[in-house]
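Colleague: One file: my_file.cif (mmCIF, C-alpha atoms).
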data_work
loop_
_atom_site.label_atom_id
_atom_site.label_comp_id
_atom_site.auth_asym_id
_atom_site.auth_seq_id
_atom_site.Cartn_x
_atom_site.Cartn_y
_atom_site.Cartn_z
CA MET A 1 19.38 56.23 -73.98
CA LYS A 2 16.44 54.18 -75.26
CA LYS A 3 18.70 51.34 -76.40
CA SER A 4 20.52 51.38 -73.06
CA LEU A 5 17.26 51.09 -71.13
CA ILE A 6 16.04 48.20 -73.26
CA THR A 7 19.38 46.38 -72.99
CA LEU A 8 19.45 46.89 -69.22
CA ALA A 9 15.89 45.62 -68.77
CA ILE A 10 16.52 42.49 -70.82
CA ALA A 11 19.82 41.78 -69.08
CA ALA A 12 18.26 42.18 -65.64
CA ALA A 13 15.28 39.98 -66.49
CA VAL A 14 17.49 37.22 -67.86
CA ALA A 15 20.26 37.38 -65.27
CA ALA A 16 18.23 37.63 -62.07
CA PRO A 17 16.79 34.08 -62.07
CA MET A 18 20.26 32.63 -62.75
CA THR A 19 22.27 34.65 -60.25
CA VAL A 20 20.05 34.38 -57.17
CA SER A 21 20.49 31.02 -55.51
CA ALA A 22 17.86 29.33 -53.33
CA ALA A 23 15.22 31.62 -54.79
CA GLU A 24 12.01 30.88 -56.65
CA ALA A 25 12.09 32.81 -59.90
CA LYS A 26 9.62 33.12 -62.76
CA PHE A 27 10.38 34.71 -66.09
CA PHE A 28 7.35 35.95 -68.07
CA GLY A 29 6.30 38.00 -71.06
CA TYR A 30 3.67 38.50 -73.71
CA SER A 31 3.03 40.36 -76.96
CA GLN A 32 -0.20 41.86 -78.23
CA ILE A 33 -0.77 42.85 -81.87
CA PHE A 34 -4.02 44.58 -82.79
CA ALA A 35 -6.05 45.59 -85.82
CA LYS A 36 -8.74 48.28 -86.00
CA ALA A 37 -11.25 49.01 -88.74
CA GLY A 38 -13.48 52.06 -88.47
CA LYS A 39 -13.21 55.47 -86.93
CA GLY A 40 -11.03 55.71 -83.86
CA SER A 41 -11.44 57.52 -80.58
CA VAL A 42 -12.53 61.13 -80.09
CA GLY A 43 -11.02 63.44 -82.72
CA ASN A 44 -9.83 60.68 -85.06
CA ALA A 45 -11.64 60.61 -88.41
CA ASP A 46 -9.53 57.80 -89.85
CA ASP A 47 -11.85 55.11 -91.21
CA SER A 48 -9.17 52.75 -92.53
CA LEU A 49 -7.90 49.35 -91.44
CA ARG A 50 -4.88 49.88 -89.20
CA PHE A 51 -2.47 47.52 -87.43
CA GLY A 52 -0.41 48.27 -84.36
CA ILE A 53 1.32 47.06 -81.23
CA GLY A 54 -0.45 46.85 -77.92
CA SER A 55 1.63 45.76 -74.94
CA ILE A 56 5.02 44.11 -75.39
CA ARG A 57 5.90 42.97 -71.87
CA LEU A 58 8.91 41.23 -70.38
CA GLY A 59 9.74 40.71 -66.73
CA TYR A 60 10.32 38.43 -63.79
CA LYS A 61 8.97 37.66 -60.36
CA ILE A 62 11.27 36.39 -57.65
CA LYS A 63 10.72 35.07 -54.13
CA GLN A 64 13.20 34.15 -51.44
CA GLY A 65 11.66 33.21 -48.13
CA ASN A 66 9.13 35.92 -47.32
CA ALA A 67 10.93 38.51 -49.45
CA TRP A 68 9.79 39.02 -53.03
CA GLY A 69 10.19 41.32 -56.00
CA LYS A 70 8.90 42.04 -59.48
CA LEU A 71 10.25 43.83 -62.52
CA GLN A 72 8.14 44.40 -65.64
CA ALA A 73 8.97 46.46 -68.72
CA ASP A 74 6.70 47.40 -71.63
CA PHE A 75 8.65 47.84 -74.86
CA GLY A 76 5.61 49.41 -76.46
CA LYS A 77 6.53 52.47 -74.39
CA THR A 78 9.53 53.90 -76.25
CA ASP A 79 9.90 57.20 -74.40
CA SER A 80 12.96 56.98 -72.14
CA THR A 81 12.27 60.36 -70.51
CA PRO A 82 11.35 59.99 -66.82
CA SER A 83 7.61 60.35 -66.32
CA PRO A 84 6.14 62.53 -63.55
CA ILE A 85 6.76 59.69 -61.08
CA GLY A 86 10.47 59.86 -61.91
CA VAL A 87 10.63 56.54 -63.77
CA PRO A 88 10.59 56.11 -67.58
CA GLU A 89 7.26 54.91 -68.97
CA ILE A 90 8.94 51.72 -70.20
CA ILE A 91 9.08 50.54 -66.56
CA LYS A 92 5.64 49.27 -65.58
CA ASP A 93 6.51 47.61 -62.27
CA ALA A 94 9.65 47.76 -60.15
CA VAL A 95 8.68 46.57 -56.69
CA VAL A 96 10.15 44.78 -53.68
CA GLY A 97 8.18 43.44 -50.76
CA TYR A 98 8.06 41.33 -47.62
CA LYS A 99 5.13 39.15 -46.59
CA PHE A 100 4.82 38.99 -42.82
CA SER A 101 1.53 37.06 -43.07
CA ASP A 102 -1.62 36.89 -45.17
CA ALA A 103 -2.80 39.95 -43.25
CA ALA A 104 0.35 42.04 -43.81
CA ASN A 105 2.23 42.09 -47.09
CA VAL A 106 4.35 45.26 -47.43
CA MET A 107 5.65 46.51 -50.78
CA ALA A 108 7.57 49.53 -52.06
CA GLY A 109 8.46 50.75 -55.53
CA VAL A 110 6.44 51.44 -58.68
CA PHE A 111 3.21 49.45 -59.05
CA LYS A 112 -0.54 49.75 -59.58
CA THR A 113 -2.47 51.85 -57.09
CA PRO A 114 -5.43 49.98 -55.56
CA VAL A 115 -8.30 51.83 -57.28
CA GLY A 116 -10.34 50.07 -59.94
CA MET A 117 -11.21 46.38 -60.31
CA ASP A 118 -10.69 46.06 -64.06
CA PHE A 119 -7.57 48.24 -63.93
CA ASN A 120 -5.99 45.86 -61.42
CA ILE A 121 -6.48 42.89 -63.76
CA SER A 122 -3.38 42.05 -65.78
CA GLY A 123 -3.44 43.26 -69.38
CA ARG A 124 -3.04 39.68 -70.57
CA ASN A 125 -6.27 38.62 -68.84
CA LEU A 126 -8.70 41.34 -69.97
CA ASP A 127 -12.18 40.28 -71.06
CA ILE A 128 -12.17 42.70 -74.01
CA ALA A 129 -9.45 43.66 -76.47
CA GLN A 130 -8.35 46.82 -74.64
CA ARG A 131 -8.56 48.74 -71.40
CA GLY A 132 -11.99 50.27 -70.82
CA MET A 133 -13.29 53.81 -70.50
CA GLU A 134 -12.79 53.93 -66.73
CA LYS A 135 -9.02 53.48 -66.95
CA PRO A 136 -8.10 57.20 -67.37
CA LEU A 137 -10.03 58.01 -64.17
CA VAL A 138 -8.07 55.72 -61.84
CA LEU A 139 -4.76 56.76 -60.27
CA GLU A 140 -2.72 54.42 -62.50
CA ARG A 141 0.75 53.24 -61.45
CA ALA A 142 2.79 55.33 -59.03
CA ALA A 143 5.84 55.16 -56.80
CA GLY A 144 4.99 54.51 -53.20
CA LEU A 145 4.55 52.20 -50.22
CA MET A 146 1.57 49.91 -49.66
CA ILE A 147 0.46 47.29 -47.16
CA SER A 148 -2.01 44.61 -48.23
CA GLY A 149 -3.92 41.77 -46.63
CA ARG A 150 -5.79 38.84 -48.16
CA ASN A 151 -7.74 35.76 -47.01
CA ILE A 152 -8.80 37.32 -43.72
CA SER A 153 -12.03 35.33 -43.33
CA GLY A 154 -12.72 36.21 -46.96
CA PHE A 155 -11.82 39.88 -46.61
CA GLY A 156 -8.85 41.78 -48.00
CA TYR A 157 -7.47 45.31 -48.06
CA ASP A 158 -4.85 47.61 -49.61
CA LEU A 159 -3.61 50.88 -48.06
CA GLY A 160 -0.96 52.98 -49.76
CA VAL A 161 0.78 56.34 -49.89
CA PHE A 162 2.33 57.47 -53.17
CA ASN A 163 4.03 60.24 -55.06
CA PRO A 164 1.61 62.41 -57.10
CA THR A 165 0.00 60.11 -59.66
CA GLY A 166 1.25 61.84 -62.80
CA ARG A 167 0.54 58.83 -65.03
CA SER A 168 -3.20 59.15 -64.43
CA GLY A 169 -5.13 60.71 -67.29
CA ALA A 170 -7.28 62.66 -64.81
CA VAL A 171 -4.51 64.25 -62.73
CA ASP A 172 -3.14 67.69 -63.55
CA PHE A 173 0.49 67.23 -62.58
CA GLY A 174 2.62 70.32 -62.13
CA THR A 175 5.29 70.67 -59.46
CA ALA A 176 5.50 67.76 -57.01
CA GLY A 177 6.39 70.00 -54.08
CA ASN A 178 4.55 68.69 -51.03
CA ALA A 179 1.86 66.94 -53.09
CA THR A 180 1.04 63.33 -52.15
CA ALA A 181 -1.38 60.62 -53.21
CA TYR A 182 -3.29 58.19 -51.03
CA ALA A 183 -5.37 55.18 -52.00
CA GLY A 184 -7.17 52.33 -50.30
CA ARG A 185 -9.36 49.38 -51.14
CA VAL A 186 -11.42 46.82 -49.23
CA MET A 187 -12.77 43.62 -50.75
CA TYR A 188 -14.59 40.40 -50.02
CA ASP A 189 -14.16 37.09 -51.85
CA MET A 190 -16.21 33.91 -51.69
CA GLY A 191 -13.75 31.55 -53.28
CA LYS A 192 -13.66 32.05 -57.04
CA THR A 193 -17.43 32.58 -57.21
CA LEU A 194 -17.94 36.10 -55.85
CA HIS A 195 -15.76 39.19 -55.56
CA ILE A 196 -16.85 42.65 -54.39
CA GLU A 197 -14.72 45.71 -53.66
CA ALA A 198 -14.79 49.43 -52.92
CA SER A 199 -11.89 51.83 -53.34
CA TYR A 200 -10.99 55.49 -52.92
CA GLY A 201 -7.98 57.57 -53.83
CA THR A 202 -6.79 61.14 -54.08
CA SER A 203 -3.79 62.86 -55.64
CA THR A 204 -3.19 66.24 -54.01
CA GLN A 205 -1.60 69.35 -55.49
CA ASP A 206 1.38 71.27 -54.17
CA SER A 207 0.28 73.91 -51.66
CA GLY A 208 1.41 76.62 -54.08
CA SER A 209 -0.75 75.34 -56.93
CA ALA A 210 -4.09 76.85 -57.91
CA ALA A 211 -5.33 73.49 -59.22
CA GLU A 212 -7.77 71.36 -57.24
CA ASP A 213 -6.90 67.99 -55.70
CA TYR A 214 -8.21 65.05 -57.72
CA SER A 215 -10.22 62.32 -56.02
CA VAL A 216 -11.72 59.08 -57.33
CA PHE A 217 -14.14 56.52 -55.92
CA GLY A 218 -15.01 53.08 -57.22
CA VAL A 219 -17.22 50.08 -56.46
CA ALA A 220 -17.22 46.80 -58.37
CA GLY A 221 -18.22 43.18 -58.28
CA ALA A 222 -17.78 39.93 -60.20
CA TYR A 223 -19.75 36.69 -60.07
CA LYS A 224 -18.89 33.40 -61.78
CA MET A 225 -21.27 30.47 -62.09
CA ASP A 226 -20.28 27.51 -64.24
CA ALA A 227 -19.79 28.84 -67.78
CA MET A 228 -21.20 32.30 -67.03
CA THR A 229 -19.35 35.37 -65.77
CA PHE A 230 -20.96 38.66 -64.69
CA LYS A 231 -19.16 41.87 -63.76
CA ALA A 232 -20.11 45.45 -62.96
CA GLU A 233 -18.07 48.50 -62.01
CA TYR A 234 -18.59 52.21 -61.28
CA VAL A 235 -15.74 54.75 -61.14
CA ALA A 236 -16.27 58.46 -60.47
CA GLY A 237 -13.64 61.22 -60.49
CA SER A 238 -13.92 64.74 -59.05
CA SER A 239 -11.94 67.85 -60.05
CA VAL A 240 -10.66 66.19 -63.21
CA LEU A 241 -7.38 67.74 -64.39
CA GLY A 242 -7.46 70.03 -61.36
CA VAL A 243 -10.60 71.90 -62.42
CA LYS A 244 -13.20 72.54 -59.72
CA ASP A 245 -16.63 71.01 -60.47
CA ALA A 246 -15.22 69.11 -63.46
CA ASP A 247 -16.50 65.63 -62.72
CA GLU A 248 -16.66 62.40 -64.73
CA ALA A 249 -18.11 58.96 -64.07
CA VAL A 250 -17.99 55.64 -65.92
CA TRP A 251 -19.92 52.45 -65.31
CA TYR A 252 -20.13 49.17 -67.15
CA LEU A 253 -22.03 45.89 -67.11
CA HIS A 254 -20.32 42.77 -68.43
CA GLY A 255 -21.43 39.26 -69.29
CA GLY A 256 -19.44 36.31 -70.56
CA TYR A 257 -20.41 32.78 -71.55
CA ALA A 258 -17.89 29.98 -72.20
CA ILE A 259 -19.40 28.10 -75.15
CA ASN A 260 -16.65 25.49 -74.80
CA ASP A 261 -13.01 25.33 -73.69
CA THR A 262 -11.95 27.35 -76.72
CA ILE A 263 -14.57 30.08 -77.30
CA GLU A 264 -16.10 32.58 -74.90
CA ALA A 265 -18.81 35.02 -76.01
CA VAL A 266 -18.68 38.43 -74.31
CA VAL A 267 -20.84 41.53 -74.13
CA ARG A 268 -20.05 44.72 -72.24
CA TYR A 269 -21.80 48.09 -72.10
CA TYR A 270 -20.01 51.27 -71.00
CA SER A 271 -21.59 54.59 -70.13
CA ALA A 272 -19.47 57.69 -69.46
CA THR A 273 -20.78 61.06 -68.28
CA GLN A 274 -18.99 64.36 -67.88
CA SER A 275 -20.06 67.44 -65.96
CA ARG A 276 -18.26 70.71 -66.58
CA PRO A 277 -18.40 74.07 -64.73
CA VAL A 278 -18.70 75.75 -68.15
CA GLY A 279 -20.43 74.20 -71.16
CA ASN A 280 -22.85 71.35 -71.64
CA ASP A 281 -22.80 68.03 -69.83
CA SER A 282 -22.54 65.02 -72.13
CA THR A 283 -22.78 61.24 -72.18
CA LEU A 284 -21.15 58.56 -74.34
CA GLY A 285 -22.05 54.88 -74.59
CA ASN A 286 -19.92 52.04 -75.98
CA ALA A 287 -21.36 48.53 -76.37
CA TYR A 288 -18.81 45.74 -76.96
CA LEU A 289 -19.93 42.55 -78.68
CA GLY A 290 -17.32 39.91 -79.22
CA ALA A 291 -15.54 36.65 -78.57
CA ASN A 292 -12.37 35.39 -76.94
CA ILE A 293 -10.80 32.46 -78.77
CA TYR A 294 -8.29 30.54 -76.63
CA LEU A 295 -5.55 28.78 -78.56
CA ALA A 296 -3.57 27.71 -75.47
CA GLU A 297 -4.12 27.53 -71.72
CA LYS A 298 -3.74 30.41 -69.26
CA ASN A 299 -4.19 33.04 -71.97
CA ASN A 300 -0.80 32.11 -73.43
CA ALA A 301 -2.31 32.39 -76.90
CA ARG A 302 -5.67 33.87 -77.78
CA ILE A 303 -7.53 36.01 -80.29
CA GLN A 304 -9.99 38.66 -79.16
CA LEU A 305 -12.64 40.04 -81.52
CA ASN A 306 -14.85 43.01 -80.58
CA TYR A 307 -17.35 45.13 -82.45
CA VAL A 308 -18.07 48.40 -80.64
CA LEU A 309 -21.35 50.29 -81.09
CA ALA A 310 -21.22 53.98 -80.13
CA SER A 311 -24.21 55.91 -78.75
CA GLY A 312 -25.02 59.10 -76.89
CA ASP A 313 -23.40 62.47 -77.62
CA THR A 314 -21.20 61.40 -80.53
CA ASP A 315 -21.30 64.50 -82.75
CA GLY A 316 -22.32 68.13 -83.02
CA ALA A 317 -21.99 70.73 -80.28
CA ASP A 318 -22.70 68.18 -77.54
CA VAL A 319 -19.93 65.72 -78.51
CA TYR A 320 -18.45 63.90 -75.52
CA THR A 321 -14.89 65.11 -74.79
CA GLY A 322 -14.12 63.61 -71.37
CA VAL A 323 -10.72 62.24 -70.36
CA ALA A 324 -12.41 58.83 -70.07
CA LYS A 325 -12.08 58.38 -73.81
CA GLY A 326 -14.39 56.13 -75.76
CA TYR A 327 -15.38 55.57 -79.36
CA THR A 328 -17.67 58.15 -80.99
CA ASP A 329 -18.29 55.88 -83.99
CA ASP A 330 -18.68 52.15 -84.50
CA ILE A 331 -15.39 50.24 -84.79
CA PHE A 332 -14.10 46.69 -85.13
CA LEU A 333 -11.19 45.59 -82.90
CA ALA A 334 -9.08 42.46 -83.12
CA GLN A 335 -6.11 41.44 -80.97
CA PHE A 336 -3.74 38.48 -81.15
CA GLN A 337 -1.85 37.67 -77.96
CA VAL A 338 0.98 35.21 -77.35
CA GLY A 339 2.81 34.88 -74.04
CA PHE A 340 4.47 32.61 -71.53
#
Could you express the structure from this file as structure tokens?
Modeller:
Amino acid sequence: MKKSLITLAIAAAVAAPMTVSAAEAKFFGYSQIFAKAGKGSVGNADDSLRFGIGSIRLGYKIKQGNAWGKLQADFGKTDSTPSPIGVPEIIKDAVVGYKFSDAANVMAGVFKTPVGMDFNISGRNLDIAQRGMEKPLVLERAAGLMISGRNISGFGYDLGVFNPTGRSGAVDFGTAGNATAYAGRVMYDMGKTLHIEASYGTSTQDSGSAAEDYSVFGVAGAYKMDAMTFKAEYVAGSSVLGVKDADEAVWYLHGGYAINDTIEAVVRYYSATQSRPVGNDSTLGNAYLGANIYLAEKNNARIQLNYVLASGDTDGADVYTGVAKGYTDDIFLAQFQVGF
């Protein structure tokens, strides 16, 4: 089954641009290989140097008139069993759409829900070597329908309805039943200089379930001035894993400085807090210090180096155990990325 899925994905990605006439097609992909030295995430006492595979992506985008589509597979996801959204994890995006105007672009399929600024940045364009602590709190990818608008006097929006968001690390997914997810985002852009956004989403439970509906709220902003980049984001989830009064929140501050066309210095500080109906509340901090080394344009080849300093409740009875996982000990991360 796994080999069949991989063969089908490759065949579709290669064949589509050649078989659709009068269409604009773009074939893309990238590979990420990482190395870690130091203790890993919560519960991992391994202090050795380890190598591994991050994302191995392959896909295509296609446009014909106002109709468009996208297919993206991640071969780092080897499980061919359908996920809670009914699609194997290897499929990251499978979406078709129609753009009526800048104010109304309709899409359907499997794609990212519109909650979280950093989450909605492509994995090949991240400022640090991995997804951050807020990622498990967002609604992740899901199957659904969404309408979006951009460039409306600087404003934009996304409104969507989805199947239950079973890929989210914060959602307790049982029986789909009549459960549904909803998400929306509003934003404002001042060219490439300023971006601000606010988003909200919820993934409900089946009416026969005793679990609580999960909801998440986020605000974020980014500012770029010459060689400097500043970002900040706050994401808060309520009823994590369907437990009433189990709440978590993550915020970060980020700064980047392009020393030249090849090297960018970066610093980012994360803080995650968890509140539980039973047991102690706890907090975990992760400070990333590092550099992005660009070996080709458009992130087609780069090396990312990060050293992460852990702080807060990192051991003992008060150890942080939230779903928004972070590092409870210092660790060195390196990632080499090549794409097209």
Colleague: Check which residues of stretch 95-142 of chain A sit at most 9 Å from stretch 264-281 of chain A using all atoms listed in the file, and return one row each with the closest pair of atoms and their distance in Å to one decimal, ordered by chain and rising number, as a tab-separated table.
Modeller:
residue	atom	partner	partner_atom	distance
A:Asp127	CA	A:Val266	CA	7.5
A:Ile128	CA	A:Val266	CA	7.8
A:Gly132	CA	A:Tyr270	CA	8.1
A:Met133	CA	A:Tyr270	CA	7.2
A:Glu134	CA	A:Ala272	CA	8.1
Colleague: Pull out every residue that the PyMOL selection byres ((chain A and resi 223) around 12) matches in the shown coordinates and put them as a list in words.
Modeller: Tyr188, Asp189, Met190, Gly191, Lys192, Thr193, Leu194, His195, Ile196, Ala220, Gly221, Ala222, Lys224, Met225, Asp226, Ala227, Met228, Thr229, Phe230, Lys231, Ala232, Leu253, His254, Gly255 and Gly256 of chain A
Colleague: Between atom CA of A:Lys244 and atom CA of A:Ala211, what is the distance in Å, rounded to a tenth?
Modeller: 7.9 Å
Colleague: I'd like the neighbourhood of stretch 120-126 of chain A as an MDAnalysis selection string, where a residue qualifies if any of its atoms comes within 8 Å (using only C-alpha atoms), though same-chain residues fewer than 3 positions away should be ignored.
Modeller: chainID A and resid 30 55 112 114:117 129:131 299 337
Colleague: Could you state the separation of atom CA of A:Trp251 and atom CA of A:Ile293 in Å, given to one decimal place?
Modeller: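 Answer for the atom CA of A:Trp251 to atom CA of A:Ile293 separation: 25.8 Å.
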Colleague: Applied to the shown file, which residues does the PyMOL selection byres ((chain A and resi 145) around 8) return, written as a ChimeraX atom specification?
Modeller: /A:106-109,143-144,146-147,160-162
Colleague: Let me make sure I understand: among A:Asn105, A:Ser239, A:Thr165, A:Asn178, which one has the smallest atom-to-atom distance to A:Asn151 if we use only C-alpha atoms?
Modeller: A:Asn105
Colleague: Kindly give the distance, in Å, that separates atom CA of A:Asp261 and atom CA of A:Leu295, rounded to a single decimal.
Modeller: 9.6 Å
Colleague: When you count all atoms listed in the file, which of these residues is closest to A:Gly59: A:Ile91, A:Leu139, A:Ile152, A:Ile33?
Modeller: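 Using all atoms listed in the file, the shortest distance to A:Gly59 belongs to A:Ile91.
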Colleague: List the residues sitting within 8 Å of (9.3, 50.1, -68.9) in the file's frame, using only C-alpha atoms, as a PyMOL selection string.
Modeller: chain A and resi 9+72-75+77+88-93
Colleague: Any idea what's packed within 7 Å of stretch 328-336 of chain A, counting all atoms listed in the file, ignoring anything in its chain fewer than 4 positions away? Could you give it as a compact mmCIF listing (two decimals) with C-alpha atoms, in the coordinates of the input?
Modeller:
# COMPACT_ATOMS: atom_id res chain seq x y z
CA GLN A 32 -0.20 41.86 -78.23
CA ILE A 33 -0.77 42.85 -81.87
CA PHE A 34 -4.02 44.58 -82.79
CA ALA A 35 -6.05 45.59 -85.82
CA LYS A 36 -8.74 48.28 -86.00
CA ALA A 37 -11.25 49.01 -88.74
CA GLY A 38 -13.48 52.06 -88.47
CA LYS A 39 -13.21 55.47 -86.93
CA SER A 41 -11.44 57.52 -80.58
CA VAL A 42 -12.53 61.13 -80.09
CA ALA A 129 -9.45 43.66 -76.47
CA ARG A 302 -5.67 33.87 -77.78
CA ILE A 303 -7.53 36.01 -80.29
CA GLN A 304 -9.99 38.66 -79.16
CA LEU A 305 -12.64 40.04 -81.52
CA ASN A 306 -14.85 43.01 -80.58
CA TYR A 307 -17.35 45.13 -82.45
CA VAL A 308 -18.07 48.40 -80.64
CA LEU A 309 -21.35 50.29 -81.09
CA ALA A 310 -21.22 53.98 -80.13
CA THR A 314 -21.20 61.40 -80.53
Colleague: Can you rebuild stretch 178-200 of chain A with N, CA and C atoms and give it as a PDB file, keeping the file's coordinate frame?
Modeller:
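Listing of rebuild-v4.pdb after writing:
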ATOM      1  N   ASN A 178       5.002  69.507 -52.161  1.00  0.00           N
ATOM      2  CA  ASN A 178       4.550  68.690 -51.030  1.00  0.00           C
ATOM      3  C   ASN A 178       3.296  67.880 -51.371  1.00  0.00           C
ATOM      4  N   ALA A 179       3.021  67.723 -52.666  1.00  0.00           N
ATOM      5  CA  ALA A 179       1.860  66.940 -53.090  1.00  0.00           C
ATOM      6  C   ALA A 179       2.073  65.461 -52.799  1.00  0.00           C
ATOM      7  N   THR A 180       0.992  64.753 -52.499  1.00  0.00           N
ATOM      8  CA  THR A 180       1.040  63.330 -52.150  1.00  0.00           C
ATOM      9  C   THR A 180      -0.242  62.670 -52.644  1.00  0.00           C
ATOM     10  N   ALA A 181      -0.185  61.382 -52.845  1.00  0.00           N
ATOM     11  CA  ALA A 181      -1.380  60.620 -53.210  1.00  0.00           C
ATOM     12  C   ALA A 181      -1.621  59.529 -52.175  1.00  0.00           C
ATOM     13  N   TYR A 182      -2.884  59.238 -51.953  1.00  0.00           N
ATOM     14  CA  TYR A 182      -3.290  58.190 -51.030  1.00  0.00           C
ATOM     15  C   TYR A 182      -4.365  57.339 -51.706  1.00  0.00           C
ATOM     16  N   ALA A 183      -4.361  56.056 -51.423  1.00  0.00           N
ATOM     17  CA  ALA A 183      -5.370  55.180 -52.000  1.00  0.00           C
ATOM     18  C   ALA A 183      -5.602  53.982 -51.102  1.00  0.00           C
ATOM     19  N   GLY A 184      -6.836  53.501 -51.104  1.00  0.00           N
ATOM     20  CA  GLY A 184      -7.170  52.330 -50.300  1.00  0.00           C
ATOM     21  C   GLY A 184      -8.295  51.536 -50.934  1.00  0.00           C
ATOM     22  N   ARG A 185      -8.340  50.269 -50.598  1.00  0.00           N
ATOM     23  CA  ARG A 185      -9.360  49.380 -51.140  1.00  0.00           C
ATOM     24  C   ARG A 185      -9.690  48.307 -50.121  1.00  0.00           C
ATOM     25  N   VAL A 186     -10.977  47.965 -50.029  1.00  0.00           N
ATOM     26  CA  VAL A 186     -11.420  46.820 -49.230  1.00  0.00           C
ATOM     27  C   VAL A 186     -12.189  45.889 -50.153  1.00  0.00           C
ATOM     28  N   MET A 187     -12.141  44.591 -49.859  1.00  0.00           N
ATOM     29  CA  MET A 187     -12.770  43.620 -50.750  1.00  0.00           C
ATOM     30  C   MET A 187     -13.242  42.404 -49.964  1.00  0.00           C
ATOM     31  N   TYR A 188     -14.122  41.659 -50.594  1.00  0.00           N
ATOM     32  CA  TYR A 188     -14.590  40.400 -50.020  1.00  0.00           C
ATOM     33  C   TYR A 188     -14.665  39.377 -51.141  1.00  0.00           C
ATOM     34  N   ASP A 189     -14.148  38.166 -50.878  1.00  0.00           N
ATOM     35  CA  ASP A 189     -14.160  37.090 -51.850  1.00  0.00           C
ATOM     36  C   ASP A 189     -14.796  35.847 -51.261  1.00  0.00           C
ATOM     37  N   MET A 190     -15.645  35.211 -52.042  1.00  0.00           N
ATOM     38  CA  MET A 190     -16.210  33.910 -51.690  1.00  0.00           C
ATOM     39  C   MET A 190     -15.641  32.909 -52.678  1.00  0.00           C
ATOM     40  N   GLY A 191     -14.448  32.437 -52.366  1.00  0.00           N
ATOM     41  CA  GLY A 191     -13.750  31.550 -53.280  1.00  0.00           C
ATOM     42  C   GLY A 191     -13.540  32.233 -54.617  1.00  0.00           C
ATOM     43  N   LYS A 192     -13.751  31.486 -55.696  1.00  0.00           N
ATOM     44  CA  LYS A 192     -13.660  32.050 -57.040  1.00  0.00           C
ATOM     45  C   LYS A 192     -15.028  32.417 -57.600  1.00  0.00           C
ATOM     46  N   THR A 193     -16.062  32.326 -56.750  1.00  0.00           N
ATOM     47  CA  THR A 193     -17.430  32.580 -57.210  1.00  0.00           C
ATOM     48  C   THR A 193     -17.798  34.050 -57.164  1.00  0.00           C
ATOM     49  N   LEU A 194     -17.487  34.718 -56.063  1.00  0.00           N
ATOM     50  CA  LEU A 194     -17.940  36.100 -55.850  1.00  0.00           C
ATOM     51  C   LEU A 194     -16.787  36.990 -55.406  1.00  0.00           C
ATOM     52  N   HIS A 195     -16.723  38.170 -55.975  1.00  0.00           N
ATOM     53  CA  HIS A 195     -15.760  39.190 -55.560  1.00  0.00           C
ATOM     54  C   HIS A 195     -16.452  40.548 -55.564  1.00  0.00           C
ATOM     55  N   ILE A 196     -16.341  41.291 -54.454  1.00  0.00           N
ATOM     56  CA  ILE A 196     -16.850  42.650 -54.390  1.00  0.00           C
ATOM     57  C   ILE A 196     -15.780  43.536 -53.774  1.00  0.00           C
ATOM     58  N   GLU A 197     -15.727  44.807 -54.192  1.00  0.00           N
ATOM     59  CA  GLU A 197     -14.720  45.710 -53.660  1.00  0.00           C
ATOM     60  C   GLU A 197     -15.192  47.157 -53.732  1.00  0.00           C
ATOM     61  N   ALA A 198     -14.580  47.980 -52.889  1.00  0.00           N
ATOM     62  CA  ALA A 198     -14.790  49.430 -52.920  1.00  0.00           C
ATOM     63  C   ALA A 198     -13.437  50.085 -52.712  1.00  0.00           C
ATOM     64  N   SER A 199     -13.193  51.183 -53.425  1.00  0.00           N
ATOM     65  CA  SER A 199     -11.890  51.830 -53.340  1.00  0.00           C
ATOM     66  C   SER A 199     -12.034  53.348 -53.410  1.00  0.00           C
ATOM     67  N   TYR A 200     -11.018  54.015 -52.891  1.00  0.00           N
ATOM     68  CA  TYR A 200     -10.990  55.490 -52.920  1.00  0.00           C
ATOM     69  C   TYR A 200      -9.542  55.939 -52.997  1.00  0.00           C
TER      70      TYR A 200
END
